[in-house]
Amino acid sequence: MSSLKFTAETSSDGVVERDFTVGEIPGVLWSPAPGRDRAPLVLMGHGGGTHKKWPAMPGRARRIVAECGFHVAVIDAPGHGGRPRTETDEREIAVMKRAMAAGEPVGPIVVPYNLDIAERAVPEWRATLDALQELPEIGAGGPVGYYGLNMATAIGIPLVAAEPRITAAVFGLFWPHPLSETAKRITIPIEFALQWDDEHIDRQAGLELFEAFGSKEKTLHANVGAHKDLPRFEADSAARFFGRHLGQAA
């Protein structure tokens with residue numbers, strides 16, 4: 001197992017931000033100020049075409065740290081951020097850009113490509129979780145959540161289905177097929193975001209993925225607007241969701 005190495009550290013407003021690597025995987029960990037007891041951990045994925053420090057990532061992470069006192073970790077997905085792209089990455093990105101420029105549906109391209117990324121990313125996330133739980137401020141056996149929209153849902157569903165250490169998750173904004181079959185195996189509490197007027201993901205398709213989860217406790221948050229119009233208050237809701245489920249577990 002690769003060990004975690006911190007490479008940089010900054011601190012502001014009571015939140016410590018530390019860059020790290022686990023083998024060749026680059027990541028960032030946001031934490032409460034030192035001196036507190038062990039706290040739960042939220043693993044957070046980024047969307048397609050972005051990276052671990054895309055503006056939405058530190059914004060969401062800092063909410064969770066400030067409001068809940070939890071740790072939040074993000075890693076760059078394969079082919080994203082500073083990570084090298086494979087021939088498959090380059091080819092699929094080019095096809096996707098051509099489809100978008102032509103106004104053609106992107107789902108038939110995005111779904112299989114994101115599932116290919118997920119196949120590579122799930123083992124990386126599990127190795128990262130192993131390494132993070134070696135830190136005394138997190139520890140093994142503590143509560144763990146997962147937060148991921150768009151591509152991070154494509155990664156998160158197979159990750160959560162395979163990883164019993166994750167006990168609560170926020171998903172949303174992705175197509176159902178072929179993730180629905182995997183979602184049926186997920187029984188932990190779920191919060192799910194859906195945009196009612198999503199130009200890429202048909203409303204019924206979004207509802208189908210939500211319905212597929214095997215969880216007895218799952219909540220649908222449907223907001224009016226296009227794919228990229230998810231309201232910022234959904235990040236506040238996610239923080240409260242993790243506070244309820246991971247905080248009680250702690």
# chains A, B, ... in the order shown; residues from 1 in each chain; ligands from 1
$ residues_around --residues "Pro189 of chain A" --least-positions-apart "3" --cutoff "8 Å" --atoms "only C-alpha atoms" --output "PyMOL selection string"
chain A and resi 167-169+215-218+245
$ select_by_dssp --residues "segment 11-128 of chain A" --states "strand (DSSP E or B)" --output "CSV table (one decimal) with N, CA and C atoms, in the first residue's frame"
chain,number,residue,atom,x,y,z
A,11,SER,N,-3.3,27.6,5.7
A,11,SER,CA,-4.4,27.7,6.7
A,11,SER,C,-5.1,29.0,6.7
A,12,SER,N,-6.4,29.0,6.7
A,12,SER,CA,-7.2,30.3,6.7
A,12,SER,C,-8.6,30.0,7.3
A,15,VAL,N,-9.5,26.6,8.8
A,15,VAL,CA,-9.5,25.5,7.9
A,15,VAL,C,-8.0,25.3,7.4
A,16,VAL,N,-7.5,24.1,7.6
A,16,VAL,CA,-6.2,23.7,7.1
A,16,VAL,C,-6.3,23.0,5.8
A,17,GLU,N,-5.6,23.4,4.8
A,17,GLU,CA,-5.6,22.8,3.5
A,17,GLU,C,-4.2,22.2,3.2
A,18,ARG,N,-4.2,20.9,3.0
A,18,ARG,CA,-2.9,20.2,2.8
A,18,ARG,C,-2.9,19.4,1.5
A,19,ASP,N,-2.0,19.7,0.6
A,19,ASP,CA,-1.8,18.9,-0.6
A,19,ASP,C,-1.1,17.6,-0.3
A,20,PHE,N,-1.5,16.5,-0.9
A,20,PHE,CA,-0.8,15.3,-0.6
A,20,PHE,C,-0.7,14.4,-1.9
A,21,THR,N,0.1,13.4,-1.8
A,21,THR,CA,0.1,12.3,-2.8
A,21,THR,C,0.0,11.0,-2.1
A,22,VAL,N,-0.6,10.0,-2.8
A,22,VAL,CA,-0.7,8.6,-2.4
A,22,VAL,C,-0.1,7.9,-3.6
A,25,ILE,N,-1.0,9.5,-7.1
A,25,ILE,CA,-2.3,10.1,-7.0
A,25,ILE,C,-2.2,11.4,-6.3
A,26,PRO,N,-2.4,12.6,-6.9
A,26,PRO,CA,-2.4,13.8,-6.2
A,26,PRO,C,-3.8,14.1,-5.6
A,27,GLY,N,-3.8,14.7,-4.4
A,27,GLY,CA,-5.0,15.0,-3.7
A,27,GLY,C,-4.8,16.2,-2.8
A,28,VAL,N,-6.0,16.6,-2.2
A,28,VAL,CA,-5.9,17.7,-1.2
A,28,VAL,C,-6.9,17.3,-0.1
A,29,LEU,N,-6.5,17.7,1.2
A,29,LEU,CA,-7.2,17.4,2.4
A,29,LEU,C,-7.5,18.7,3.1
A,30,TRP,N,-8.8,19.0,3.3
A,30,TRP,CA,-9.2,20.1,4.1
A,30,TRP,C,-9.6,19.6,5.5
A,31,SER,N,-9.1,20.2,6.6
A,31,SER,CA,-9.3,19.7,7.9
A,31,SER,C,-9.6,20.9,8.9
A,32,PRO,N,-10.2,20.6,10.0
A,32,PRO,CA,-10.4,21.6,11.1
A,32,PRO,C,-9.0,21.9,11.6
A,41,LEU,N,-14.7,11.6,8.0
A,41,LEU,CA,-14.1,12.0,6.7
A,41,LEU,C,-15.1,11.9,5.6
A,42,VAL,N,-15.1,12.9,4.7
A,42,VAL,CA,-15.9,12.9,3.5
A,42,VAL,C,-15.0,12.9,2.3
A,43,LEU,N,-15.2,11.9,1.5
A,43,LEU,CA,-14.5,11.8,0.2
A,43,LEU,C,-15.3,12.5,-0.8
A,44,MET,N,-14.7,13.4,-1.6
A,44,MET,CA,-15.4,14.3,-2.5
A,44,MET,C,-14.8,14.2,-3.9
A,71,HIS,N,-13.2,16.2,8.1
A,71,HIS,CA,-12.2,16.3,7.1
A,71,HIS,C,-12.8,16.0,5.7
A,72,VAL,N,-12.3,16.7,4.7
A,72,VAL,CA,-12.8,16.4,3.3
A,72,VAL,C,-11.6,16.2,2.4
A,73,ALA,N,-11.6,15.2,1.6
A,73,ALA,CA,-10.5,14.8,0.7
A,73,ALA,C,-11.0,14.7,-0.7
A,74,VAL,N,-10.2,15.3,-1.6
A,74,VAL,CA,-10.5,15.2,-3.1
A,74,VAL,C,-9.2,14.7,-3.8
A,75,ILE,N,-9.3,13.8,-4.7
A,75,ILE,CA,-8.1,13.5,-5.5
A,75,ILE,C,-8.5,13.8,-7.0
$ closest_residue --among "A:Leu246, A:Arg63, A:Leu132, A:Gly79" --to "Ala118 of chain A" --atoms "only C-alpha atoms"
A:Gly79
$ select_by_dssp --residues "segment 15-203 of chain A" --states "alpha helix (DSSP H)" --output "PyMOL selection string"
chain A and resi 56-68+87-101+107-132+151-162+179-183+203
$ write_last_selection --atoms "C-alpha atoms" --output "mmCIF file, in the first residue's frame"
data_model
loop_
_atom_site.group_PDB
_atom_site.id
_atom_site.type_symbol
_atom_site.label_atom_id
_atom_site.label_comp_id
_atom_site.auth_asym_id
_atom_site.auth_seq_id
_atom_site.Cartn_x
_atom_site.Cartn_y
_atom_site.Cartn_z
ATOM 1 C CA ALA A 56 -16.581 24.274 -6.379
ATOM 2 C CA MET A 57 -14.344 21.807 -4.545
ATOM 3 C CA PRO A 58 -12.781 24.060 -1.879
ATOM 4 C CA GLY A 59 -16.111 25.875 -1.538
ATOM 5 C CA ARG A 60 -18.007 22.677 -0.714
ATOM 6 C CA ALA A 61 -15.161 21.296 1.376
ATOM 7 C CA ARG A 62 -14.849 24.403 3.526
ATOM 8 C CA ARG A 63 -18.590 24.352 4.219
ATOM 9 C CA ILE A 64 -18.341 20.815 5.568
ATOM 10 C CA VAL A 65 -15.227 21.563 7.625
ATOM 11 C CA ALA A 66 -16.653 24.783 9.067
ATOM 12 C CA GLU A 67 -20.175 23.540 9.740
ATOM 13 C CA CYS A 68 -19.466 19.948 10.763
ATOM 14 C CA GLU A 87 -4.898 7.621 -25.692
ATOM 15 C CA THR A 88 -8.458 6.735 -24.683
ATOM 16 C CA ASP A 89 -8.772 9.995 -22.728
ATOM 17 C CA GLU A 90 -7.561 12.069 -25.676
ATOM 18 C CA ARG A 91 -9.824 10.280 -28.149
ATOM 19 C CA GLU A 92 -12.985 10.473 -26.014
ATOM 20 C CA ILE A 93 -12.445 14.129 -25.117
ATOM 21 C CA ALA A 94 -12.042 15.012 -28.806
ATOM 22 C CA VAL A 95 -15.240 13.134 -29.714
ATOM 23 C CA MET A 96 -17.113 14.848 -26.899
ATOM 24 C CA LYS A 97 -15.959 18.314 -27.972
ATOM 25 C CA ARG A 98 -17.077 17.654 -31.554
ATOM 26 C CA ALA A 99 -20.509 16.510 -30.363
ATOM 27 C CA MET A 100 -20.934 19.575 -28.160
ATOM 28 C CA ALA A 101 -19.875 21.911 -30.972
ATOM 29 C CA GLY A 107 -24.776 11.211 -23.081
ATOM 30 C CA PRO A 108 -23.836 8.349 -25.427
ATOM 31 C CA ILE A 109 -20.213 9.583 -25.238
ATOM 32 C CA VAL A 110 -19.997 10.741 -21.625
ATOM 33 C CA VAL A 111 -21.482 7.626 -20.018
ATOM 34 C CA PRO A 112 -19.084 4.961 -21.361
ATOM 35 C CA TYR A 113 -16.100 7.303 -21.027
ATOM 36 C CA ASN A 114 -16.932 8.167 -17.419
ATOM 37 C CA LEU A 115 -17.425 4.487 -16.610
ATOM 38 C CA ASP A 116 -13.958 3.819 -18.020
ATOM 39 C CA ILE A 117 -12.597 6.537 -15.729
ATOM 40 C CA ALA A 118 -14.510 5.003 -12.815
ATOM 41 C CA GLU A 119 -12.924 1.613 -13.415
ATOM 42 C CA ARG A 120 -9.529 3.246 -12.977
ATOM 43 C CA ALA A 121 -10.572 5.613 -10.179
ATOM 44 C CA VAL A 122 -12.300 3.226 -7.747
ATOM 45 C CA PRO A 123 -9.091 1.351 -6.761
ATOM 46 C CA GLU A 124 -7.345 4.714 -6.371
ATOM 47 C CA TRP A 125 -10.048 6.003 -4.045
ATOM 48 C CA ARG A 126 -9.870 2.842 -1.927
ATOM 49 C CA ALA A 127 -6.079 3.139 -1.659
ATOM 50 C CA THR A 128 -6.454 6.813 -0.726
ATOM 51 C CA LEU A 129 -8.995 5.951 1.965
ATOM 52 C CA ASP A 130 -6.604 3.351 3.373
ATOM 53 C CA ALA A 131 -3.860 5.971 3.550
ATOM 54 C CA LEU A 132 -6.071 8.717 5.032
ATOM 55 C CA MET A 151 -18.704 12.323 -13.339
ATOM 56 C CA ALA A 152 -18.144 11.906 -9.607
ATOM 57 C CA THR A 153 -21.473 10.069 -9.439
ATOM 58 C CA ALA A 154 -20.279 7.686 -12.158
ATOM 59 C CA ILE A 155 -17.215 7.040 -10.000
ATOM 60 C CA GLY A 156 -19.023 7.159 -6.679
ATOM 61 C CA ILE A 157 -21.751 4.597 -7.305
ATOM 62 C CA PRO A 158 -19.372 1.679 -7.987
ATOM 63 C CA LEU A 159 -17.061 2.941 -5.224
ATOM 64 C CA VAL A 160 -19.819 3.096 -2.604
ATOM 65 C CA ALA A 161 -21.230 -0.254 -3.718
ATOM 66 C CA ALA A 162 -17.801 -1.847 -3.197
ATOM 67 C CA LEU A 179 -25.360 2.385 -13.193
ATOM 68 C CA SER A 180 -28.865 1.424 -12.066
ATOM 69 C CA GLU A 181 -27.930 -2.200 -11.466
ATOM 70 C CA THR A 182 -25.014 -1.174 -9.247
ATOM 71 C CA ALA A 183 -27.158 1.430 -7.452
ATOM 72 C CA ARG A 203 -35.878 14.205 -16.295
#
$ atom_distance --atom1 "atom CA of Gly45 of chain A" --atom2 "atom CA of Ala77 of chain A"
7.9 Å
